[in-house]
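Everything on this sheet refers to the single structure shown next.
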Amino acid sequence: MNFGMDYQGGDGGGFATSSNNMNDGAPSPSQGGGRTRRSYDEQTLIPVTIQMAMEAQLDASGGDGSLVLSDGRPVSMVKLVGAVRSVNEQSTNVLYNLEDGTGLMDVKQWVDDNDCTAVLDIRKETLRDNLYVKVIGQIKDYDGRKMIVANTVRPLTTGNELTHHFLEVAHSSEKSKRAGTIVAPSFSANNGVGFGSMAGGMIGEKSASTGSALTDAVLEFIRGQDDAGDETGVGVDTCVSAMPNYSPADIRNAVASLSEEGHIYSTISEHHFKIAN
């Protein structure tokens, strides 16, 4: 199947020209306060294909219902890109059936009456068959049937995003095989964080350093806005305004680095981000 061509053009399909909470039931507007955060090595956003998501299995050692990929990586949040084969909009959720050339999978996004206009506009753009979308969410297993409960679903704006995603999937898998784990930092009582060949790009526990004062500052700022209940994410321009001691170019590079390593993810546009938790 020529997946790269099958969904281009034709009755509104292909790529868009413009630029939620996850749980087993409907989302609540706020889940702040007393929720328990996972450690950052368990929160990393992993790029996957649908086949990888379908083959994920329950972690026998965890006992908490968590899943692991077939290569042994624990999985919390995932990112996938695919074409909408069908979409069913209901009063409480939107159910997409996605295909990425490796398989078919249902993606459910809960509808929140408190969503802002920007989120509603993005959702309306995705309600079309034969449209490429990027999904951020969690793999759920319902009696052996896998599906994605989505945090965000947004249209792709260029074919480069599709190519980039599959390159990310391959790179992430190879990096895991070489490192023996999804993240590089190691901790000891003597030296704190060891970064090896990936210095400056990874994060351990909440109190650990990324190896860059600027990246730490950007991450803490985005986390603070996330904890405050900002569902649309933090704009890069907001980060720039909040940190006048750093150059805009350096701040944008820090945001790009955090996004590439899976510690933050884009929301209503490629310039708004939330913590991957």
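Labels used: A, B, ... for chains in the order of the structure tokens, numbers from 1 for residues in each chain, and numbers from 1 for ligands as shown.
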> Quick one: residues within 6 Å of A:Asp129, only C-alpha atoms counted, chain neighbours fewer than 2 positions away excluded, as a PyMOL selection string?
Replying inline: chain A and resi 84-86+131
>> Which residues are close to stretch 222-228 of chain A, i.e. within 9 Å by only C-alpha atoms, leaving aside same-chain residues fewer than 5 positions away? Reply as a PyMOL selection string.
In response: chain A and resi 32-33+217+233-234+239+264+273-275
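Going from atom CA of A:Thr102 over to atom CA of A:Pro47, you cover 13.9 Å.
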>> Excluding A:Met243 and its own-chain neighbours fewer than 5 positions away, which residues fall within 12 Å of it when counting only C-alpha atoms? Please give them as a ChimeraX atom specification.
In response: /A:213-222,236-238,248-252
Save out the residues we just selected, all heavy atoms, as a short mmCIF file (atom, residue, chain, number, x, y, z; two decimals), in the first residue's frame.
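Output (result_31.cif):
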data_model
loop_
_atom_site.label_atom_id
_atom_site.label_comp_id
_atom_site.auth_asym_id
_atom_site.auth_seq_id
_atom_site.Cartn_x
_atom_site.Cartn_y
_atom_site.Cartn_z
N ALA A 213 21.07 25.67 32.65
CA ALA A 213 20.25 26.54 33.49
C ALA A 213 19.04 27.06 32.73
O ALA A 213 17.94 27.17 33.27
CB ALA A 213 21.09 27.70 34.02
N LEU A 214 19.24 27.37 31.44
CA LEU A 214 18.13 27.88 30.64
C LEU A 214 17.06 26.82 30.43
O LEU A 214 15.87 27.07 30.59
CB LEU A 214 18.65 28.38 29.29
CG LEU A 214 17.57 28.78 28.27
CD1 LEU A 214 16.64 29.83 28.86
CD2 LEU A 214 18.22 29.28 27.00
N THR A 215 17.48 25.60 30.05
CA THR A 215 16.51 24.53 29.83
C THR A 215 15.75 24.23 31.11
O THR A 215 14.54 23.99 31.09
CB THR A 215 17.22 23.26 29.32
OG1 THR A 215 18.03 23.59 28.20
CG2 THR A 215 16.21 22.20 28.91
N ASP A 216 16.46 24.23 32.26
CA ASP A 216 15.79 24.05 33.55
C ASP A 216 14.73 25.12 33.76
O ASP A 216 13.61 24.85 34.18
CB ASP A 216 16.80 24.12 34.69
CG ASP A 216 17.63 22.85 34.82
OD1 ASP A 216 17.25 21.84 34.21
OD2 ASP A 216 18.66 22.89 35.51
N ALA A 217 15.12 26.37 33.45
CA ALA A 217 14.21 27.50 33.69
C ALA A 217 12.97 27.40 32.80
O ALA A 217 11.84 27.63 33.25
CB ALA A 217 14.94 28.82 33.43
N VAL A 218 13.17 27.03 31.55
CA VAL A 218 12.04 26.90 30.62
C VAL A 218 11.12 25.78 31.08
O VAL A 218 9.89 25.93 31.10
CB VAL A 218 12.55 26.63 29.19
CG1 VAL A 218 11.38 26.27 28.27
CG2 VAL A 218 13.28 27.85 28.65
N LEU A 219 11.70 24.65 31.47
CA LEU A 219 10.89 23.52 31.92
C LEU A 219 10.08 23.87 33.16
O LEU A 219 8.89 23.56 33.26
CB LEU A 219 11.78 22.31 32.20
CG LEU A 219 11.04 21.02 32.55
CD1 LEU A 219 10.27 20.49 31.36
CD2 LEU A 219 12.01 19.96 33.05
N GLU A 220 10.71 24.53 34.12
CA GLU A 220 10.02 24.91 35.35
C GLU A 220 8.90 25.91 35.06
O GLU A 220 7.82 25.85 35.66
CB GLU A 220 11.01 25.50 36.36
CG GLU A 220 11.96 24.49 36.96
CD GLU A 220 11.23 23.39 37.71
OE1 GLU A 220 10.22 23.69 38.37
OE2 GLU A 220 11.65 22.22 37.60
N PHE A 221 9.14 26.83 34.12
CA PHE A 221 8.11 27.81 33.78
C PHE A 221 6.90 27.13 33.15
O PHE A 221 5.75 27.41 33.52
CB PHE A 221 8.68 28.87 32.83
CG PHE A 221 7.68 29.91 32.43
CD1 PHE A 221 7.28 30.90 33.32
CD2 PHE A 221 7.11 29.90 31.16
CE1 PHE A 221 6.34 31.86 32.96
CE2 PHE A 221 6.18 30.85 30.79
CZ PHE A 221 5.80 31.83 31.69
N ILE A 222 7.14 26.21 32.21
CA ILE A 222 6.04 25.51 31.55
C ILE A 222 5.31 24.63 32.56
O ILE A 222 4.08 24.55 32.55
CB ILE A 222 6.56 24.68 30.37
CG1 ILE A 222 7.15 25.59 29.29
CG2 ILE A 222 5.45 23.81 29.78
CD1 ILE A 222 7.79 24.85 28.13
N VAL A 236 5.55 29.90 23.20
CA VAL A 236 6.98 30.19 23.22
C VAL A 236 7.22 31.67 23.48
O VAL A 236 8.13 32.06 24.22
CB VAL A 236 7.64 29.76 21.90
CG1 VAL A 236 9.12 30.14 21.90
CG2 VAL A 236 7.49 28.26 21.69
N ASP A 237 6.39 32.52 22.89
CA ASP A 237 6.54 33.97 23.10
C ASP A 237 6.33 34.33 24.57
O ASP A 237 6.96 35.27 25.07
CB ASP A 237 5.54 34.73 22.23
CG ASP A 237 5.90 34.67 20.75
OD1 ASP A 237 7.07 34.38 20.45
OD2 ASP A 237 5.00 34.91 19.91
N THR A 238 5.47 33.59 25.26
CA THR A 238 5.26 33.84 26.69
C THR A 238 6.52 33.50 27.46
O THR A 238 6.90 34.22 28.40
CB THR A 238 4.09 32.99 27.20
OG1 THR A 238 2.91 33.29 26.46
CG2 THR A 238 3.83 33.27 28.69
N PRO A 248 15.88 35.38 22.89
CA PRO A 248 14.77 34.62 22.32
C PRO A 248 15.23 33.38 21.57
O PRO A 248 14.58 32.32 21.64
CB PRO A 248 14.09 35.63 21.38
CG PRO A 248 14.41 36.96 21.98
CD PRO A 248 15.80 36.82 22.53
N ALA A 249 16.34 33.49 20.84
CA ALA A 249 16.83 32.34 20.08
C ALA A 249 17.22 31.20 21.00
O ALA A 249 16.93 30.02 20.73
CB ALA A 249 18.02 32.76 19.22
N ASP A 250 17.88 31.50 22.13
CA ASP A 250 18.29 30.47 23.07
C ASP A 250 17.08 29.81 23.72
O ASP A 250 17.06 28.59 23.96
CB ASP A 250 19.21 31.05 24.14
CG ASP A 250 20.61 31.37 23.61
OD1 ASP A 250 20.95 30.85 22.53
OD2 ASP A 250 21.33 32.14 24.27
N ILE A 251 16.06 30.61 24.02
CA ILE A 251 14.84 30.06 24.63
C ILE A 251 14.13 29.13 23.64
O ILE A 251 13.69 28.04 24.01
CB ILE A 251 13.90 31.20 25.07
CG1 ILE A 251 14.51 31.96 26.25
CG2 ILE A 251 12.52 30.64 25.47
CD1 ILE A 251 13.74 33.18 26.67
N ARG A 252 14.06 29.53 22.39
CA ARG A 252 13.43 28.67 21.38
C ARG A 252 14.21 27.37 21.20
O ARG A 252 13.61 26.30 21.02
CB ARG A 252 13.31 29.43 20.06
CG ARG A 252 12.37 30.62 20.14
CD ARG A 252 12.26 31.37 18.81
NE ARG A 252 11.58 32.64 19.02
CZ ARG A 252 10.27 32.79 19.09
NH1 ARG A 252 9.50 31.72 18.99
NH2 ARG A 252 9.73 33.98 19.29
#
> Excluding same-chain residues fewer than 6 positions from A:Tyr265, what lies within 12 Å of it counting only C-alpha atoms, as a PyMOL selection string?
Replying inline: chain A and resi 43-47+77-79+134-137+151-153+219+222-223+226+232-235+255-259+271-277
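You can rank A:Cys116, A:Met54, A:Val94, A:Val87 by their closest distance to A:Met147 using only C-alpha atoms, and at the top of that list sits A:Met54.
Of note, atom CA of A:Gln51 and atom CA of A:Leu104 are spaced 8.1 Å apart.
For the pair atom CA of A:Gly262 and atom CA of A:Ser172, the separation is 10.3 Å.
For A:Asp141, the list of residues within 9 Å, based on only C-alpha atoms and with local chain neighbours fewer than 5 positions off taken out, reads A:Gln57, A:Leu58, A:Gly65, A:Leu67, A:Lys146, A:Met147, A:Ile148.
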Write to file, as a short mmCIF file (atom, residue, chain, number, x, y, z; two decimals), in the first residue's frame, the residues of the selection just made, with C-alpha atoms.
data_model
loop_
_atom_site.label_atom_id
_atom_site.label_comp_id
_atom_site.auth_asym_id
_atom_site.auth_seq_id
_atom_site.Cartn_x
_atom_site.Cartn_y
_atom_site.Cartn_z
CA GLN A 57 1.53 -5.56 26.70
CA LEU A 58 0.74 -5.21 30.39
CA GLY A 65 -1.90 -1.77 34.75
CA LEU A 67 2.04 -1.08 29.56
CA LYS A 146 -6.21 -1.41 22.46
CA MET A 147 -7.11 2.18 21.79
CA ILE A 148 -5.59 5.62 22.33
#
>> Based on the backbone DSSP call, show me all residues of stretch 241-270 of chain A assigned alpha helix (DSSP H), as number ranges by chain.
In response: A: 241-242, 248-260
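Nearest residue to A:Asp71 among A:Tyr132, A:Val240, A:Ile139, A:Ala53 is A:Ala53, counting only C-alpha atoms.
Nearest to A:Ser70 of all the residues A:Ser173, A:Pro155, A:Leu95, A:Gln138 is A:Ser173, counting only C-alpha atoms.
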>> Please extract the residues of stretch 106-145 of chain A with a backbone DSSP assignment of strand (DSSP E or B) and present them as a PyMOL selection string.
In response: chain A and resi 106-110+131-142+145
> Which residue gives the smallest distance to A:Asp106 among A:His165, A:His263, A:His171, A:Arg145, with only C-alpha atoms counted?
Replying inline: A:Arg145
